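**Q** Can you read through this structure? Questions will come right after.
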Amino acid sequence: MKIVILDGYTINPGDLSWAPLEKHCELTCYDRTSADQIIPRMKDVDGIFVSKCHITKEIMDACPKLRFISVTATGYDNVDTKAAKEHGIAVANNPAYSTEAVAQHAFSLILELTNHIGDYDESVKAGDWYRCQDFAYLKKPISLLDGKSLGIIGYGNIGKKVARIGEAFGMTINIYSKDPKAAQMSDILTLHCPLTLENKEFINKEFLANMKPGAILINTARGALINADDVAEALKSGQLYGAGIDVLETEPPVEPNPLIGLPNCIITPHIAWMPKETRQKVIDMSAANLESFLKGEKLNRVE
């Protein structure tokens, strides 16, 4: 079976092996594939592994041999599953592979905003401690998580993991689906829900105005869940104390982005899912999806 990986670089930039996949097929891996390269690279293969490339009906029409698509992520909105069903193409994904990693990253952002580790490290390296008259000094306020409230929007695998970590810190957990008002009025609000047509940019001016003044907003889910202009204004006005963002609506971002450069907004480049252990899990789960397909089974099938 001939298989191509269309955009393998983010999964494996060279520190892992594709061997688990290679033992099941004749594999060709491309780090990146532009839109005009998709059909030429797919037209003679039986299956593909894909992360972000969009696989449309037109592409499937042009690739009659295609019988298997495995998305190297949990979300598969980049694949036209209706067209895949019409073409008899199996579609699989990698569910829940990044639960622990995303929960860890969410709290990394929270802790940076409450403890300012990076700012204090820069201060010490700049010589401020050498010049200090005391054994310790306060450059930015440090806030205790114990006793604070944590609102969670999206109570799936990741949301539940975040809740357990929050409880370990002594936080009160408010789940949006159970008590929207309490979650919205929490000291910290973190997003872990999928993006839908109904909730696009629901973190907007109106929503932010009803949050607890001086709260922290965390988004490691999808960039389009928030209205970036409205969040930027809330950060500038002090309605939000800070924000920790790992996802933007357009990635890579297009200049100018209203959030990039704000001193109270920490932004990481969509890396919450990227620990080496997690990426290895993606490769292993992808291999399991292919093996299942070859056996006529339906592991992690979404279509």
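Just remember, in the structure tokens the first chain shown is A, the second B, etc., residues are 1-based per chain, and ligands are 1-based in the order shown.
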Contacts of stretch 259-269 of chain A at 7 Å or less, counting only C-alpha atoms, minus same-chain residues fewer than 5 places along, as a list in words?
**A**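 Final neighbour list, sorted by chain and number: Ala228, Ala232, Leu235, Gly242, Ala243, Gly244, Ile245, Asp246 and Val247 of chain A.
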**Q** As a ChimeraX atom specification, please: every residue in stretch 39-287 of chain A that DSSP puts in helix (DSSP H, G or I).
**A** /A:39-42,57-61,81-87,99-115,117-125,157-168,180-184,205-209,223-225,228-237,276-287
**Q** When you look at A:Leu189 with a cut-off of 10 Å (counting only C-alpha atoms), what residues show up, excluding the ones that are within fewer than 2 positions of it in the same chain? I need them as a PyMOL selection string.
**A** chain A and resi 110+149-153+174-176+183-187+191+211-212+215-219+243
**Q** Considering only C-alpha atoms, return as JSON, numbers by chain whatever protein or nucleic-acid residues lie within 12 Å of A:Gly118, sequence-local ones (same chain, fewer than 3 positions apart) excluded.
**A** {"A": [108, 109, 111, 112, 113, 114, 115, 121, 122, 123, 124, 125, 139, 140, 266]}
**Q** Mind checking DSSP for stretch 169-215 of chain A and telling me the strand (DSSP E) residues as a list in words?
**A**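 Matching residues, listed in order: Thr172, Ile173, Asn174, Ile175, Ile188, Leu189, Thr190, Leu191 and Ala215 of chain A.
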**Q** Neighbours of A:Met171 within 6 Å (only C-alpha atoms; same-chain residues fewer than 3 positions away dropped), as JSON, numbers by chain?
**A** {"A": [146, 147, 148, 149, 166, 167]}
**Q** Quick one: write out the picked residues with all heavy atoms as a PDB file, in the first residue's frame?
**A**
```pdb
ATOM      1  N   ASP A 146      -4.019  28.896  45.330  1.00  0.00           N
ATOM      2  CA  ASP A 146      -4.832  28.304  46.400  1.00  0.00           C
ATOM      3  C   ASP A 146      -5.921  29.295  46.816  1.00  0.00           C
ATOM      4  O   ASP A 146      -5.646  30.449  47.132  1.00  0.00           O
ATOM      5  CB  ASP A 146      -3.952  27.971  47.603  1.00  0.00           C
ATOM      6  CG  ASP A 146      -4.733  27.257  48.694  1.00  0.00           C
ATOM      7  OD1 ASP A 146      -5.010  26.060  48.521  1.00  0.00           O
ATOM      8  OD2 ASP A 146      -5.079  27.920  49.695  1.00  0.00           O
ATOM      9  N   GLY A 147      -7.171  28.834  46.781  1.00  0.00           N
ATOM     10  CA  GLY A 147      -8.287  29.694  47.145  1.00  0.00           C
ATOM     11  C   GLY A 147      -8.911  30.446  45.990  1.00  0.00           C
ATOM     12  O   GLY A 147      -9.982  31.044  46.132  1.00  0.00           O
ATOM     13  N   LYS A 148      -8.250  30.450  44.831  1.00  0.00           N
ATOM     14  CA  LYS A 148      -8.807  31.113  43.655  1.00  0.00           C
ATOM     15  C   LYS A 148      -9.810  30.191  42.945  1.00  0.00           C
ATOM     16  O   LYS A 148      -9.839  28.981  43.176  1.00  0.00           O
ATOM     17  CB  LYS A 148      -7.687  31.493  42.677  1.00  0.00           C
ATOM     18  CG  LYS A 148      -6.685  32.507  43.198  1.00  0.00           C
ATOM     19  CD  LYS A 148      -7.304  33.881  43.320  1.00  0.00           C
ATOM     20  CE  LYS A 148      -6.252  34.966  43.523  1.00  0.00           C
ATOM     21  NZ  LYS A 148      -5.365  34.754  44.668  1.00  0.00           N
ATOM     22  N   SER A 149     -10.609  30.780  42.071  1.00  0.00           N
ATOM     23  CA  SER A 149     -11.595  30.003  41.311  1.00  0.00           C
ATOM     24  C   SER A 149     -11.134  29.847  39.867  1.00  0.00           C
ATOM     25  O   SER A 149     -10.569  30.764  39.278  1.00  0.00           O
ATOM     26  CB  SER A 149     -12.965  30.678  41.360  1.00  0.00           C
ATOM     27  OG  SER A 149     -12.877  32.033  40.954  1.00  0.00           O
ATOM     28  N   GLY A 166      -6.172  21.859  38.861  1.00  0.00           N
ATOM     29  CA  GLY A 166      -6.629  23.009  39.633  1.00  0.00           C
ATOM     30  C   GLY A 166      -6.982  22.638  41.057  1.00  0.00           C
ATOM     31  O   GLY A 166      -6.642  23.357  42.011  1.00  0.00           O
ATOM     32  N   GLU A 167      -7.641  21.513  41.221  1.00  0.00           N
ATOM     33  CA  GLU A 167      -7.987  21.049  42.569  1.00  0.00           C
ATOM     34  C   GLU A 167      -6.741  20.771  43.387  1.00  0.00           C
ATOM     35  O   GLU A 167      -6.701  21.030  44.593  1.00  0.00           O
ATOM     36  CB  GLU A 167      -8.861  19.793  42.474  1.00  0.00           C
ATOM     37  CG  GLU A 167     -10.278  20.078  41.981  1.00  0.00           C
ATOM     38  CD  GLU A 167     -11.057  18.817  41.688  1.00  0.00           C
ATOM     39  OE1 GLU A 167     -10.427  17.731  41.591  1.00  0.00           O
ATOM     40  OE2 GLU A 167     -12.300  18.904  41.539  1.00  0.00           O
TER      41      GLU A 167
END
```
**Q** In Å, with one decimal, what is the gap from atom CA of A:Leu21 to atom CA of A:Ile3?
**A**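 Going from atom CA of A:Leu21 over to atom CA of A:Ile3 covers 9.2 Å.
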